[in-house]
Amino acid sequence: MPIYDQIQDILKDRIGSIVTASEIKHALKTKYGTNASSIIPSDYCYNRFNKGIRFNKHIFEYIDHKTYKYLGENYLFTGLIFHKPANQDKDFIVGEWIVGRKIFYLTPVLKDSPEGLKIADHSARMVVKLTDPRPSGADIPTTNKHHSFLPQLHSVSQIKDLISRADDYDETKRLINKIDGLKTAREPFYLDINELDDIFHWKLRGQYSRQKRNTQLNTDELVRDVTKYAFSISGSDESNVVKLMLKALIILHGVQIPVASAIMTLCYPEKYCVVDFRGWRQVYGKEKEHGNYTITEYLEYWTIIKCTANKYGVTPQELDMALWQYDIENCRNK
């Protein structure tokens, strides 16, 4: 019986247990007469890669070179994959698991480097919702176009890195934090005309001055009344809530679907995303044929963004920002 099968046999009733290498070796030698020097538990870890093995048999979580947690086969593991090259005393991050999906990085990252620490921090805080379970045995390379709705995005760390490079990262974070404070202080929640103007600046960027004639037609009373009504809409049918909220917000002057989606996204980043030409191009693989967006088009786009965000345990707003930055960095027609 192969050593891998021997280990599973002696630990079959101990899922979730912490075991030591010496304990495993003693048990296999006693039951099967296996040579202890041939037993290398780290060869069978989800989070530890040893050069020279196929890395297709996983039953342990590596804790240290003496200690392991027995998880069993096909565990929906989420975490980083580490490798310590021969004759080196430093670990490298070579890939990651996302709910049982194995992804290898194109370039290993030194664990203790600034980039490695950032990846490790993201991984430690990662909360993944399982929406499309698969067996954990098959490798998912970064070029695989079938492991998510959006093949450009292949890991949480990649998404977070794209976000960190976005030129409006700080302003976006500031606005979201500011609006979070308003939601706590105002019951019912609404925006005033100055807060809406901040969102116009954020969304329209260089187009802000061209739209100023329309946006200046808004009054503070109108903005408060419309946003108060829009944010009070609720119901069990989430798509219907989105439709009604969009219809309410486009009552405001200078607000069409893109700006309405921006208002919703900054106020509820955990739920919504902004529709724009860059995101559209990345989702559908082509330029939009006309500049306007319908509510139906937003609902389809939002559904794809939301499902992919759930897959990676990020918010729709975060995924949207990552797509925006990806398009800037990779699309010639900027």
# chains A, B, ... in the order shown; residues from 1 in each chain; ligands from 1
>>> select_by_dssp(residues="segment 43-281 of chain A", states="alpha helix (DSSP H)", output="ChimeraX atom specification")
/A:114-124,156-165,169-185,193-204,208-215,220-232,238-249,257-267,277-281
>>> closest_atom_pairs(of="segment 158-227 of chain A", to="segment 265-269 of chain A", cutoff="12 Å", atoms="only C-alpha atoms", output="CSV")
residue,atom,partner,partner_atom,distance
A:Glu171,CA,A:Leu266,CA,10.9
A:Thr172,CA,A:Leu266,CA,7.8
A:Lys173,CA,A:Leu266,CA,9.0
A:Arg174,CA,A:Leu266,CA,10.0
A:Leu175,CA,A:Leu266,CA,6.9
A:Ile176,CA,A:Leu266,CA,5.4
A:Asn177,CA,A:Leu266,CA,9.0
A:Lys178,CA,A:Cys267,CA,9.4
A:Ile179,CA,A:Cys267,CA,6.1
A:Asp180,CA,A:Cys267,CA,7.2
A:Gly181,CA,A:Cys267,CA,10.4
A:Leu182,CA,A:Cys267,CA,9.5
A:Lys183,CA,A:Cys267,CA,8.3
A:Thr184,CA,A:Cys267,CA,11.7
A:Phe189,CA,A:Cys267,CA,9.9
A:Tyr190,CA,A:Cys267,CA,9.8
A:Leu191,CA,A:Cys267,CA,9.5
A:Glu195,CA,A:Cys267,CA,11.0
A:Leu196,CA,A:Leu266,CA,10.7
A:Asp198,CA,A:Leu266,CA,10.8
A:Ile199,CA,A:Leu266,CA,8.1
A:Phe200,CA,A:Leu266,CA,11.4
A:Trp202,CA,A:Leu266,CA,10.0
A:Lys203,CA,A:Leu266,CA,10.2
A:Thr227,CA,A:Cys267,CA,10.6
>>> write_last_selection(atoms="C-alpha atoms", output="CSV table (one decimal), in the first residue's frame")
chain,number,residue,atom,x,y,z
A,171,GLU,CA,-10.4,59.1,-2.8
A,172,THR,CA,-12.7,56.1,-3.2
A,173,LYS,CA,-11.8,54.9,0.3
A,174,ARG,CA,-12.3,58.4,1.7
A,175,LEU,CA,-15.8,58.7,0.2
A,176,ILE,CA,-16.9,55.3,1.3
A,177,ASN,CA,-15.7,55.9,4.8
A,178,LYS,CA,-17.4,59.4,4.8
A,179,ILE,CA,-20.7,58.0,3.6
A,180,ASP,CA,-20.5,55.1,6.1
A,181,GLY,CA,-20.4,57.7,8.8
A,182,LEU,CA,-23.4,59.5,7.3
A,183,LYS,CA,-25.4,56.2,7.3
A,184,THR,CA,-24.7,55.9,11.0
A,189,PHE,CA,-30.2,57.9,5.4
A,190,TYR,CA,-29.9,60.5,2.6
A,191,LEU,CA,-27.3,62.6,0.7
A,195,GLU,CA,-22.2,65.0,-1.0
A,196,LEU,CA,-23.8,64.4,-4.4
A,198,ASP,CA,-18.5,64.9,-4.4
A,199,ILE,CA,-19.8,61.8,-6.2
A,200,PHE,CA,-20.1,63.7,-9.5
A,202,TRP,CA,-15.4,61.1,-8.4
A,203,LYS,CA,-17.4,59.5,-11.2
A,227,THR,CA,-31.9,59.9,-2.2
>>> residues_around(residues="Val242 of chain A", least_positions_apart="5", cutoff="12 Å", atoms="only C-alpha atoms", output="ChimeraX atom specification")
/A:230-237,247-249,257,260-261,264-265,268,271-273,295-300,302-303
>>> write_last_selection(atoms="N, CA and C atoms", output="short mmCIF file (atom, residue, chain, number, x, y, z; two decimals), in the first residue's frame")
data_model
loop_
_atom_site.label_atom_id
_atom_site.label_comp_id
_atom_site.auth_asym_id
_atom_site.auth_seq_id
_atom_site.Cartn_x
_atom_site.Cartn_y
_atom_site.Cartn_z
N ALA A 230 -34.84 56.68 -2.48
CA ALA A 230 -34.11 55.59 -3.15
C ALA A 230 -33.52 54.61 -2.14
N PHE A 231 -32.93 55.14 -1.07
CA PHE A 231 -32.26 54.29 -0.10
C PHE A 231 -33.24 53.59 0.85
N SER A 232 -34.50 53.99 0.80
CA SER A 232 -35.50 53.34 1.67
C SER A 232 -36.14 52.13 0.98
N ILE A 233 -35.86 51.95 -0.31
CA ILE A 233 -36.48 50.85 -1.07
C ILE A 233 -35.92 49.52 -0.57
N SER A 234 -36.79 48.58 -0.34
CA SER A 234 -36.36 47.26 0.13
C SER A 234 -37.31 46.20 -0.42
N GLY A 235 -36.96 44.95 -0.22
CA GLY A 235 -37.80 43.85 -0.70
C GLY A 235 -36.98 42.59 -0.84
N SER A 236 -37.67 41.48 -0.99
CA SER A 236 -36.99 40.19 -1.10
C SER A 236 -36.41 39.95 -2.49
N ASP A 237 -36.96 40.64 -3.50
CA ASP A 237 -36.45 40.52 -4.87
C ASP A 237 -35.36 41.57 -5.08
N LYS A 247 -34.29 53.82 -10.99
CA LYS A 247 -35.34 54.69 -11.51
C LYS A 247 -35.50 55.94 -10.65
N ALA A 248 -35.34 55.78 -9.35
CA ALA A 248 -35.46 56.93 -8.45
C ALA A 248 -34.30 57.89 -8.62
N LEU A 249 -33.09 57.38 -8.68
CA LEU A 249 -31.91 58.24 -8.72
C LEU A 249 -31.78 59.01 -10.02
N ILE A 257 -27.77 56.13 -15.75
CA ILE A 257 -27.44 54.85 -15.11
C ILE A 257 -26.00 54.79 -14.57
N ALA A 260 -25.88 56.94 -11.45
CA ALA A 260 -26.76 56.31 -10.45
C ALA A 260 -26.08 55.09 -9.84
N SER A 261 -25.41 54.30 -10.67
CA SER A 261 -24.71 53.11 -10.15
C SER A 261 -23.54 53.53 -9.27
N MET A 264 -25.01 54.40 -5.83
CA MET A 264 -25.34 53.17 -5.13
C MET A 264 -24.09 52.46 -4.63
N THR A 265 -23.03 52.47 -5.44
CA THR A 265 -21.81 51.75 -5.10
C THR A 265 -21.07 52.39 -3.94
N TYR A 268 -23.25 51.72 -0.88
CA TYR A 268 -23.39 50.31 -0.51
C TYR A 268 -22.39 49.47 -1.30
N LYS A 271 -22.73 45.76 -1.95
CA LYS A 271 -23.85 45.26 -2.77
C LYS A 271 -23.70 45.59 -4.25
N TYR A 272 -23.19 46.78 -4.59
CA TYR A 272 -23.29 47.26 -5.97
C TYR A 272 -21.95 47.60 -6.60
N CYS A 273 -21.98 47.82 -7.90
CA CYS A 273 -20.79 48.18 -8.66
C CYS A 273 -21.16 49.28 -9.65
N ILE A 295 -31.44 49.95 -17.73
CA ILE A 295 -31.53 49.26 -16.44
C ILE A 295 -31.31 47.76 -16.63
N THR A 296 -31.84 47.20 -17.70
CA THR A 296 -31.66 45.77 -17.97
C THR A 296 -30.18 45.44 -18.18
N GLU A 297 -29.47 46.31 -18.90
CA GLU A 297 -28.04 46.08 -19.11
C GLU A 297 -27.27 46.15 -17.80
N TYR A 298 -27.65 47.11 -16.95
CA TYR A 298 -26.97 47.19 -15.65
C TYR A 298 -27.21 45.93 -14.83
N LEU A 299 -28.43 45.44 -14.82
CA LEU A 299 -28.74 44.24 -14.03
C LEU A 299 -27.93 43.04 -14.48
N GLU A 300 -27.75 42.87 -15.80
CA GLU A 300 -26.95 41.76 -16.30
C GLU A 300 -25.48 41.93 -15.91
N TRP A 302 -24.22 43.80 -13.44
CA TRP A 302 -24.12 43.71 -11.97
C TRP A 302 -24.15 42.27 -11.50
N THR A 303 -24.97 41.44 -12.13
CA THR A 303 -25.05 40.03 -11.74
C THR A 303 -23.73 39.31 -11.96
#
>>> residues_around(residues="segment 325-329 of chain A", least_positions_apart="6", cutoff="8 Å", atoms="only C-alpha atoms", output="ChimeraX atom specification")
/A:162-163,165-166,278-279,281-282
>>> closest_residue(among="A:Asp161, A:Ile63, A:Leu71, A:Asn35", to="Pro114 of chain A", atoms="only C-alpha atoms")
A:Asp161
>>> atom_distance(atom1="atom CA of Ile24 of chain A", atom2="atom CA of Cys45 of chain A")
14.0 Å
>>> residues_around(residues="Asp13 of chain A", least_positions_apart="6", cutoff="12 Å", atoms="only C-alpha atoms", output="number ranges by chain")
A: 7, 70-72
>>> write_last_selection(atoms="N, CA and C atoms", output="PDB file, in the first residue's frame")
ATOM      1  N   ILE A   7      -1.094   6.548   5.404  1.00  0.00           N
ATOM      2  CA  ILE A   7      -1.365   7.675   6.301  1.00  0.00           C
ATOM      3  C   ILE A   7      -2.867   7.897   6.436  1.00  0.00           C
ATOM      4  N   TYR A  70      -4.539  17.311  10.149  1.00  0.00           N
ATOM      5  CA  TYR A  70      -5.081  16.366   9.169  1.00  0.00           C
ATOM      6  C   TYR A  70      -6.459  16.840   8.697  1.00  0.00           C
ATOM      7  N   LEU A  71      -6.554  17.158   7.415  1.00  0.00           N
ATOM      8  CA  LEU A  71      -7.799  17.662   6.824  1.00  0.00           C
ATOM      9  C   LEU A  71      -8.471  16.641   5.916  1.00  0.00           C
ATOM     10  N   GLY A  72      -7.711  15.688   5.415  1.00  0.00           N
ATOM     11  CA  GLY A  72      -8.261  14.699   4.496  1.00  0.00           C
ATOM     12  C   GLY A  72      -8.259  15.194   3.055  1.00  0.00           C
TER      13      GLY A  72
END
>>> closest_residue(among="A:Gly254, A:Gly206, A:Pro188, A:Gly100", to="Tyr312 of chain A", atoms="only C-alpha atoms")
A:Gly100
>>> closest_residue(among="A:Pro85, A:Lys228, A:Leu150, A:Tyr68", to="Ile305 of chain A", atoms="only C-alpha atoms")
A:Leu150
>>> select_by_dssp(residues="segment 44-231 of chain A", states="strand (DSSP E or B)", output="PDB file with C-alpha atoms, in the first residue's frame")
ATOM      1  CA  CYS A  45       0.226  19.355   2.427  1.00  0.00           C
ATOM      2  CA  ARG A  48       3.515  23.440   1.413  1.00  0.00           C
ATOM      3  CA  PHE A  60      -2.497  18.010   5.658  1.00  0.00           C
ATOM      4  CA  GLU A  61      -2.200  21.653   6.579  1.00  0.00           C
ATOM      5  CA  TYR A  62       1.456  22.349   7.332  1.00  0.00           C
ATOM      6  CA  ILE A  63       1.980  24.016  10.728  1.00  0.00           C
ATOM      7  CA  ASP A  64       5.733  23.471  11.108  1.00  0.00           C
ATOM      8  CA  THR A  67       3.390  19.371  13.233  1.00  0.00           C
ATOM      9  CA  TYR A  68       0.455  18.977  10.823  1.00  0.00           C
ATOM     10  CA  LYS A  69      -3.308  19.279  10.834  1.00  0.00           C
ATOM     11  CA  TYR A  70      -5.081  16.366   9.169  1.00  0.00           C
ATOM     12  CA  GLY A  79      -4.809  29.788   2.013  1.00  0.00           C
ATOM     13  CA  LEU A  80      -1.372  30.370   0.570  1.00  0.00           C
ATOM     14  CA  ILE A  81       1.100  27.792  -0.764  1.00  0.00           C
ATOM     15  CA  PHE A  82       4.669  28.154   0.519  1.00  0.00           C
ATOM     16  CA  HIS A  83       7.963  26.757  -0.762  1.00  0.00           C
ATOM     17  CA  PHE A  92       8.426  31.965  -0.897  1.00  0.00           C
ATOM     18  CA  ILE A  93       4.719  32.228  -1.707  1.00  0.00           C
ATOM     19  CA  VAL A  94       4.216  30.232  -4.895  1.00  0.00           C
ATOM     20  CA  GLY A  95       0.428  30.108  -5.111  1.00  0.00           C
ATOM     21  CA  GLU A  96      -2.834  29.918  -3.221  1.00  0.00           C
ATOM     22  CA  TRP A  97      -5.989  27.918  -2.695  1.00  0.00           C
ATOM     23  CA  ILE A  98      -9.440  29.486  -2.899  1.00  0.00           C
ATOM     24  CA  ARG A 101      -9.076  25.698  -6.100  1.00  0.00           C
ATOM     25  CA  LYS A 102      -5.341  25.565  -6.620  1.00  0.00           C
ATOM     26  CA  ILE A 103      -3.617  28.466  -8.366  1.00  0.00           C
ATOM     27  CA  PHE A 104       0.135  28.851  -8.961  1.00  0.00           C
ATOM     28  CA  TYR A 105       1.685  32.287  -9.391  1.00  0.00           C
ATOM     29  CA  LEU A 106       3.762  32.935 -12.481  1.00  0.00           C
ATOM     30  CA  THR A 107       6.511  34.372 -10.245  1.00  0.00           C
ATOM     31  CA  PRO A 108       7.167  33.290  -6.616  1.00  0.00           C
ATOM     32  CA  VAL A 109       7.035  36.078  -4.014  1.00  0.00           C
ATOM     33  CA  LEU A 110       9.368  36.224  -1.016  1.00  0.00           C
ATOM     34  CA  ASP A 139      -4.847  22.528 -10.798  1.00  0.00           C
TER      35      ASP A 139
END
